[in-house]
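Coordinates from upload-v3.txt are shown below (compact mmCIF, C-alpha atoms and all ligand atoms).
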```
# COMPACT_ATOMS: atom_id res chain seq x y z
CA MET B 1 0.00 0.00 0.00
CA PRO B 2 1.52 3.37 -1.02
CA GLY B 3 2.74 5.40 1.91
CA PHE B 4 2.20 2.57 4.39
CA PRO B 5 5.10 2.87 6.84
CA THR B 6 7.32 -0.20 6.76
CA SER B 7 7.65 -0.16 10.53
CA SER B 8 3.86 -0.58 10.99
CA ARG B 9 3.52 -3.78 8.97
CA PRO B 10 2.37 -6.81 10.91
CA ALA B 11 5.39 -8.42 12.50
CA GLN B 12 6.99 -11.24 10.49
CA ARG B 13 9.39 -11.99 13.33
CA PRO B 14 7.32 -11.06 16.38
CA ALA B 15 9.91 -11.82 19.09
CA ALA B 16 12.79 -10.06 17.33
CA ASP B 17 10.59 -7.10 16.35
CA PHE B 18 9.32 -6.86 19.93
CA ARG B 19 12.89 -6.81 21.28
CA GLU B 20 13.88 -4.16 18.74
CA ALA B 21 10.89 -1.97 19.59
CA VAL B 22 11.28 -2.11 23.37
CA ALA B 23 15.02 -1.41 23.08
CA ARG B 24 13.96 2.12 22.11
CA LEU B 25 12.03 2.63 25.33
CA ALA B 26 14.44 4.46 27.64
CA GLY B 27 14.45 3.08 31.16
CA GLY B 28 16.05 4.04 34.43
CA VAL B 29 18.61 1.47 35.53
CA ALA B 30 18.26 -0.07 38.99
CA LEU B 31 20.02 -2.76 40.96
CA LEU B 32 17.56 -5.24 42.47
CA THR B 33 19.03 -6.67 45.66
CA THR B 34 17.95 -9.34 48.09
CA LEU B 35 19.39 -12.04 50.35
CA ASP B 36 19.39 -15.66 49.29
CA PRO B 37 18.01 -18.30 51.72
CA ILE B 38 21.37 -18.57 53.50
CA GLY B 39 21.84 -14.83 53.81
CA ARG B 40 24.18 -14.13 50.89
CA ASP B 41 23.87 -10.86 48.99
CA CYS B 42 22.66 -10.98 45.43
CA GLY B 43 21.87 -8.23 42.97
CA LEU B 44 20.59 -7.99 39.42
CA THR B 45 20.55 -5.07 37.00
CA VAL B 46 16.96 -4.28 35.98
CA THR B 47 15.01 -1.71 33.99
CA ALA B 48 11.56 -3.37 34.08
CA VAL B 49 10.57 -1.37 37.13
CA SER B 50 7.55 0.80 37.85
CA SER B 51 5.82 2.59 40.64
CA VAL B 52 2.28 1.18 40.92
CA SER B 53 0.30 2.70 43.77
CA LEU B 54 0.67 5.45 46.37
CA ASP B 55 -1.86 4.05 48.86
CA PRO B 56 -0.56 1.58 49.72
CA PRO B 57 2.85 2.43 48.28
CA LEU B 58 3.62 -0.32 45.75
CA ALA B 59 6.35 -0.84 43.18
CA LEU B 60 6.96 -3.67 40.74
CA VAL B 61 9.90 -5.32 39.08
CA CYS B 62 9.80 -7.99 36.36
CA VAL B 63 12.34 -10.74 36.95
CA LYS B 64 13.38 -13.46 34.52
CA LYS B 65 12.39 -16.87 35.85
CA ASP B 66 15.72 -18.49 35.05
CA GLY B 67 17.66 -15.46 36.26
CA PHE B 68 20.04 -15.13 39.16
CA VAL B 69 17.85 -13.59 41.90
CA HIS B 70 14.45 -15.01 40.91
CA ASP B 71 14.18 -17.90 43.35
CA ALA B 72 15.75 -15.94 46.21
CA LEU B 73 13.08 -13.23 45.81
CA PHE B 74 10.30 -15.70 46.59
CA VAL B 75 11.65 -16.58 50.01
CA ALA B 76 13.22 -13.27 51.06
CA ASP B 77 11.66 -10.99 53.66
CA GLY B 78 12.52 -7.98 51.52
CA TRP B 79 14.06 -6.68 48.34
CA SER B 80 15.35 -3.29 47.30
CA LEU B 81 15.73 -1.27 44.15
CA SER B 82 18.73 1.05 44.12
CA MET B 83 18.26 3.53 41.28
CA LEU B 84 21.71 4.01 39.80
CA ALA B 85 23.48 7.26 38.94
CA ASP B 86 25.22 8.12 35.69
CA ASP B 87 28.64 7.31 37.17
CA GLN B 88 27.64 3.72 38.01
CA VAL B 89 27.88 2.02 34.62
CA GLU B 90 30.47 -0.39 35.99
CA LEU B 91 28.07 -1.45 38.76
CA ALA B 92 25.25 -1.88 36.22
CA ARG B 93 27.50 -4.13 34.10
CA TYR B 94 28.48 -6.13 37.17
CA GLY B 95 24.82 -6.71 38.10
CA ALA B 96 24.00 -7.73 34.51
CA ARG B 97 26.81 -10.22 33.99
CA SER B 98 26.01 -13.86 33.27
CA ARG B 99 26.53 -16.14 36.26
CA ALA B 100 27.58 -19.74 36.25
CA PRO B 101 26.01 -22.03 38.86
CA GLY B 102 27.65 -21.36 42.22
CA ASP B 103 28.82 -17.84 41.34
CA ARG B 104 28.54 -15.27 44.13
CA ASP B 105 28.07 -11.52 44.13
CA ASP B 106 30.50 -9.23 45.90
CA PHE B 107 29.48 -5.60 46.27
CA THR B 108 32.20 -4.66 48.73
CA GLY B 109 33.75 -2.30 46.17
CA TRP B 110 30.71 -0.02 46.28
CA PRO B 111 29.28 2.03 49.17
CA THR B 112 26.27 0.25 50.67
CA ARG B 113 23.99 0.13 53.69
CA ARG B 114 21.52 -2.47 54.96
CA ALA B 115 17.79 -2.13 54.28
CA VAL B 116 15.04 -2.76 56.83
CA HIS B 117 15.05 -6.47 55.91
CA GLY B 118 18.82 -6.80 55.63
CA GLU B 119 19.46 -6.69 51.91
CA LEU B 120 22.03 -4.28 50.47
CA VAL B 121 21.15 -0.81 49.27
CA LEU B 122 23.70 1.00 47.10
CA THR B 123 24.08 4.37 48.79
CA SER B 124 25.75 6.07 45.85
CA GLY B 125 22.68 5.84 43.60
CA VAL B 126 20.10 8.59 43.03
CA ALA B 127 17.31 6.95 45.05
CA ALA B 128 16.26 3.65 46.61
CA LEU B 129 13.06 1.76 47.38
CA GLU B 130 13.03 -0.86 50.14
CA CYS B 131 10.16 -3.29 49.68
CA GLU B 132 8.39 -6.17 51.39
CA PRO B 133 6.85 -8.87 49.18
CA TYR B 134 3.22 -7.95 48.45
CA ASP B 135 2.17 -10.17 45.52
CA TRP B 136 3.44 -12.14 42.54
CA LEU B 137 2.11 -12.38 39.03
CA ASP B 138 3.13 -15.08 36.60
CA ALA B 139 4.08 -13.37 33.33
CA GLY B 140 5.48 -15.71 30.67
CA ASP B 141 9.21 -16.19 31.15
CA HIS B 142 9.17 -13.50 33.86
CA THR B 143 7.55 -13.06 37.26
CA ILE B 144 6.16 -9.67 38.21
CA ALA B 145 7.15 -9.08 41.82
CA LEU B 146 4.97 -6.49 43.52
CA GLY B 147 6.46 -4.96 46.64
CA ARG B 148 5.11 -2.77 49.39
CA VAL B 149 7.53 0.13 49.81
CA VAL B 150 8.62 0.35 53.44
CA ARG B 151 11.26 3.01 52.94
CA ALA B 152 12.04 5.35 50.05
CA THR B 153 15.17 7.49 50.02
CA THR B 154 16.66 9.98 47.61
CA ASP B 155 20.30 10.94 47.34
CA ALA B 156 21.06 14.54 48.18
CA GLY B 157 23.60 14.86 45.38
CA ASP B 158 22.99 16.39 41.97
CA ARG B 159 24.07 13.46 39.82
CA ALA B 160 21.80 12.38 36.98
CA ALA B 161 20.03 9.04 36.81
CA LEU B 162 21.56 6.30 34.67
CA ILE B 163 19.30 5.30 31.80
CA HIS B 164 19.45 2.52 29.22
CA VAL B 165 18.20 3.08 25.69
CA ASP B 166 19.04 1.60 22.27
CA ARG B 167 21.10 -1.07 24.10
CA ARG B 168 23.43 1.55 25.59
CA TYR B 169 23.88 3.24 28.92
CA ALA B 170 23.26 6.99 28.82
CA ARG B 171 22.43 10.01 30.95
CA PRO B 172 19.29 12.09 30.41
CA GLY B 173 19.91 14.90 27.92
CA ASP B 174 18.28 18.29 27.51
CA VAL B 175 15.20 19.18 29.51
CA LEU B 176 12.37 19.69 26.98
CA GLY B 177 9.49 20.72 29.15
C1 LIG U 1 20.08 -2.62 31.01
C2 LIG U 1 19.60 -3.98 31.45
C3 LIG U 1 18.33 -4.13 31.96
C4 LIG U 1 17.88 -5.37 32.40
N1 LIG U 1 16.63 -5.48 32.94
C5 LIG U 1 16.23 -6.68 33.43
C6 LIG U 1 14.97 -6.78 34.08
O1 LIG U 1 14.22 -5.83 34.22
N2 LIG U 1 14.63 -8.01 34.58
C7 LIG U 1 15.44 -9.11 34.45
O2 LIG U 1 15.08 -10.19 34.92
N3 LIG U 1 16.63 -9.02 33.83
C8 LIG U 1 17.04 -7.84 33.33
N4 LIG U 1 18.26 -7.73 32.73
C9 LIG U 1 19.09 -8.95 32.59
C10 LIG U 1 19.94 -9.22 33.81
O3 LIG U 1 20.49 -8.06 34.39
C11 LIG U 1 21.14 -10.11 33.44
O4 LIG U 1 21.87 -9.50 32.41
C12 LIG U 1 20.77 -11.44 32.96
O5 LIG U 1 19.87 -12.05 33.82
C13 LIG U 1 22.10 -12.21 32.87
O6 LIG U 1 21.89 -13.51 32.98
P1 LIG U 1 21.86 -14.51 31.71
O7 LIG U 1 22.77 -13.93 30.65
O8 LIG U 1 22.39 -15.76 32.31
O9 LIG U 1 20.43 -14.54 31.30
C14 LIG U 1 18.72 -6.50 32.28
C15 LIG U 1 20.01 -6.35 31.74
C16 LIG U 1 20.44 -5.11 31.34
C17 LIG U 1 21.83 -4.96 30.79
```

Let me see the file written as structure tokens.
Amino acid sequence: MPGFPTSSRPAQRPAADFREAVARLAGGVALLTTLDPIGRDCGLTVTAVSSVSLDPPLALVCVKKDGFVHDALFVADGWSLSMLADDQVELARYGARSRAPGDRDDFTGWPTRRAVHGELVLTSGVAALECEPYDWLDAGDHTIALGRVVRATTDAGDRAALIHVDRRYARPGDVLG
């Protein structure tokens, strides 16, 4: 059809086209942290995060079922989202690395504190949400973990948030409105 935009044609390769499309959605980068059943720290880089409700205060994160922290999340008393700053690309890469069975996380190189339920919070980010498990939703190859926010903090500094868009880390650009 003349003038029909190529990008609007029905998907021939739905999964690949879906991945390509959502790569263009800029997202704030967070480190999801919790404790595993024997109290070891674990953290995963995530962008599938959203605030959900103010009353009660709820936030969600989508976690891959075969991913590193997934099973620990189900049994933990709490989990936190540390929203990373634009000088924390190295930390984001560390939290996103592939793990072999038995691999451990070690966040001792970064400034941290303990959350209400004991998991790590990265204190050098721009903000953090400490959550208690509230509900779970099965969502294909992911689980949507809904958490009740028990403490929310913002960093007093003036650093920008770290974002991820077009498969690259970036900082927000010009303010447009
Ligand atoms: C920028 C970025 C955002 C990500 N967001 C999520 C996410 O929201 N949920 C998730 O389960 N994994 C997410 N991941 C993937 C994990 O951080 C990690 O890379 C992946 O689980 C590595 O394990 P694998 O290679 O063994 O699958 C993200 C990775 C990157 C680099």

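With atom CA of B:Gln12 on one side and atom CA of B:Leu137 on the other, the separation reads 29.0 Å.
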
Query raised in the report: Residues within 7 Å of ligand LIG 1 (chain U) (all atoms listed in the file), as a ChimeraX atom specification?
Result: /B:29,44-49,61-64,67-68,93,95-99,142,164

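Among the candidates B:Gly28, B:Glu132, B:Arg148, B:Pro172, the one nearest to B:Leu54 when counting only C-alpha atoms is B:Arg148.
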
What are the closest atom pairs, with distances in Å to one decimal, for all residues of stretch 4-90 of chain B lying within 12 Å of stretch 109-130 of chain B? Consider only C-alpha atoms, order rows by chain and residue number, and present the result as JSON lines.
```
{"residue": "B:Gly28", "atom": "CA", "partner": "B:Val126", "partner_atom": "CA", "distance": 10.5}
{"residue": "B:Val29", "atom": "CA", "partner": "B:Gly125", "partner_atom": "CA", "distance": 10.0}
{"residue": "B:Ala30", "atom": "CA", "partner": "B:Gly125", "partner_atom": "CA", "distance": 8.7}
{"residue": "B:Leu31", "atom": "CA", "partner": "B:Leu122", "partner_atom": "CA", "distance": 8.1}
{"residue": "B:Leu32", "atom": "CA", "partner": "B:Val121", "partner_atom": "CA", "distance": 8.9}
{"residue": "B:Thr33", "atom": "CA", "partner": "B:Leu120", "partner_atom": "CA", "distance": 6.2}
{"residue": "B:Thr34", "atom": "CA", "partner": "B:Glu119", "partner_atom": "CA", "distance": 4.9}
{"residue": "B:Leu35", "atom": "CA", "partner": "B:Glu119", "partner_atom": "CA", "distance": 5.6}
{"residue": "B:Asp36", "atom": "CA", "partner": "B:Glu119", "partner_atom": "CA", "distance": 9.3}
{"residue": "B:Pro37", "atom": "CA", "partner": "B:Glu119", "partner_atom": "CA", "distance": 11.7}
{"residue": "B:Gly39", "atom": "CA", "partner": "B:Glu119", "partner_atom": "CA", "distance": 8.7}
{"residue": "B:Arg40", "atom": "CA", "partner": "B:Glu119", "partner_atom": "CA", "distance": 8.9}
{"residue": "B:Asp41", "atom": "CA", "partner": "B:Glu119", "partner_atom": "CA", "distance": 6.7}
{"residue": "B:Cys42", "atom": "CA", "partner": "B:Glu119", "partner_atom": "CA", "distance": 8.4}
{"residue": "B:Gly43", "atom": "CA", "partner": "B:Leu120", "partner_atom": "CA", "distance": 8.5}
{"residue": "B:Leu44", "atom": "CA", "partner": "B:Leu120", "partner_atom": "CA", "distance": 11.7}
{"residue": "B:Val49", "atom": "CA", "partner": "B:Leu129", "partner_atom": "CA", "distance": 11.0}
{"residue": "B:Ser50", "atom": "CA", "partner": "B:Leu129", "partner_atom": "CA", "distance": 11.1}
{"residue": "B:Ser51", "atom": "CA", "partner": "B:Leu129", "partner_atom": "CA", "distance": 9.9}
{"residue": "B:Pro57", "atom": "CA", "partner": "B:Leu129", "partner_atom": "CA", "distance": 10.3}
{"residue": "B:Leu58", "atom": "CA", "partner": "B:Leu129", "partner_atom": "CA", "distance": 9.8}
{"residue": "B:Ala59", "atom": "CA", "partner": "B:Leu129", "partner_atom": "CA", "distance": 8.3}
{"residue": "B:Leu60", "atom": "CA", "partner": "B:Leu129", "partner_atom": "CA", "distance": 10.5}
{"residue": "B:Val61", "atom": "CA", "partner": "B:Leu129", "partner_atom": "CA", "distance": 11.4}
{"residue": "B:Ala72", "atom": "CA", "partner": "B:Glu119", "partner_atom": "CA", "distance": 11.5}
{"residue": "B:Leu73", "atom": "CA", "partner": "B:Glu119", "partner_atom": "CA", "distance": 11.0}
{"residue": "B:Ala76", "atom": "CA", "partner": "B:His117", "partner_atom": "CA", "distance": 8.6}
{"residue": "B:Asp77", "atom": "CA", "partner": "B:His117", "partner_atom": "CA", "distance": 6.1}
{"residue": "B:Gly78", "atom": "CA", "partner": "B:His117", "partner_atom": "CA", "distance": 5.3}
{"residue": "B:Trp79", "atom": "CA", "partner": "B:Glu130", "partner_atom": "CA", "distance": 6.2}
{"residue": "B:Ser80", "atom": "CA", "partner": "B:Glu130", "partner_atom": "CA", "distance": 4.4}
{"residue": "B:Leu81", "atom": "CA", "partner": "B:Leu129", "partner_atom": "CA", "distance": 5.2}
{"residue": "B:Ser82", "atom": "CA", "partner": "B:Ala128", "partner_atom": "CA", "distance": 4.4}
{"residue": "B:Met83", "atom": "CA", "partner": "B:Ala127", "partner_atom": "CA", "distance": 5.2}
{"residue": "B:Leu84", "atom": "CA", "partner": "B:Gly125", "partner_atom": "CA", "distance": 4.3}
{"residue": "B:Ala85", "atom": "CA", "partner": "B:Gly125", "partner_atom": "CA", "distance": 4.9}
{"residue": "B:Asp86", "atom": "CA", "partner": "B:Gly125", "partner_atom": "CA", "distance": 8.6}
{"residue": "B:Asp87", "atom": "CA", "partner": "B:Gly125", "partner_atom": "CA", "distance": 8.9}
{"residue": "B:Gln88", "atom": "CA", "partner": "B:Gly125", "partner_atom": "CA", "distance": 7.8}
{"residue": "B:Val89", "atom": "CA", "partner": "B:Gly125", "partner_atom": "CA", "distance": 11.1}
{"residue": "B:Glu90", "atom": "CA", "partner": "B:Trp110", "partner_atom": "CA", "distance": 10.3}
```

Requested in this report: One decimal, Å: what's the distance from atom CA of B:Cys131 over to atom CA of B:Ala145, could you say?
Outcome: 10.2 Å

Query raised in the report: Could you work out how far atom CA of B:Ile163 lies from atom CA of B:Arg13, giving the answer in Å with one decimal?
Result: 27.2 Å

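Nearest-residue note for B:Val149: choosing from B:Pro14, B:Pro56, B:Gly27, B:Pro101, the minimum distance belongs to B:Pro56, counting only C-alpha atoms.
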
Kindly list the centre and edge lengths in Å, rounded to one decimal, for the axis-aligned box that covers all listed atoms of stretch 30-48 of chain B plus 8 Å on each of its six sides, as lines of an AutoDock Vina configuration file.
```
center_x = 17.9
center_y = -9.3
center_z = 43.9
size_x = 28.6
size_y = 34.5
size_z = 35.8
```
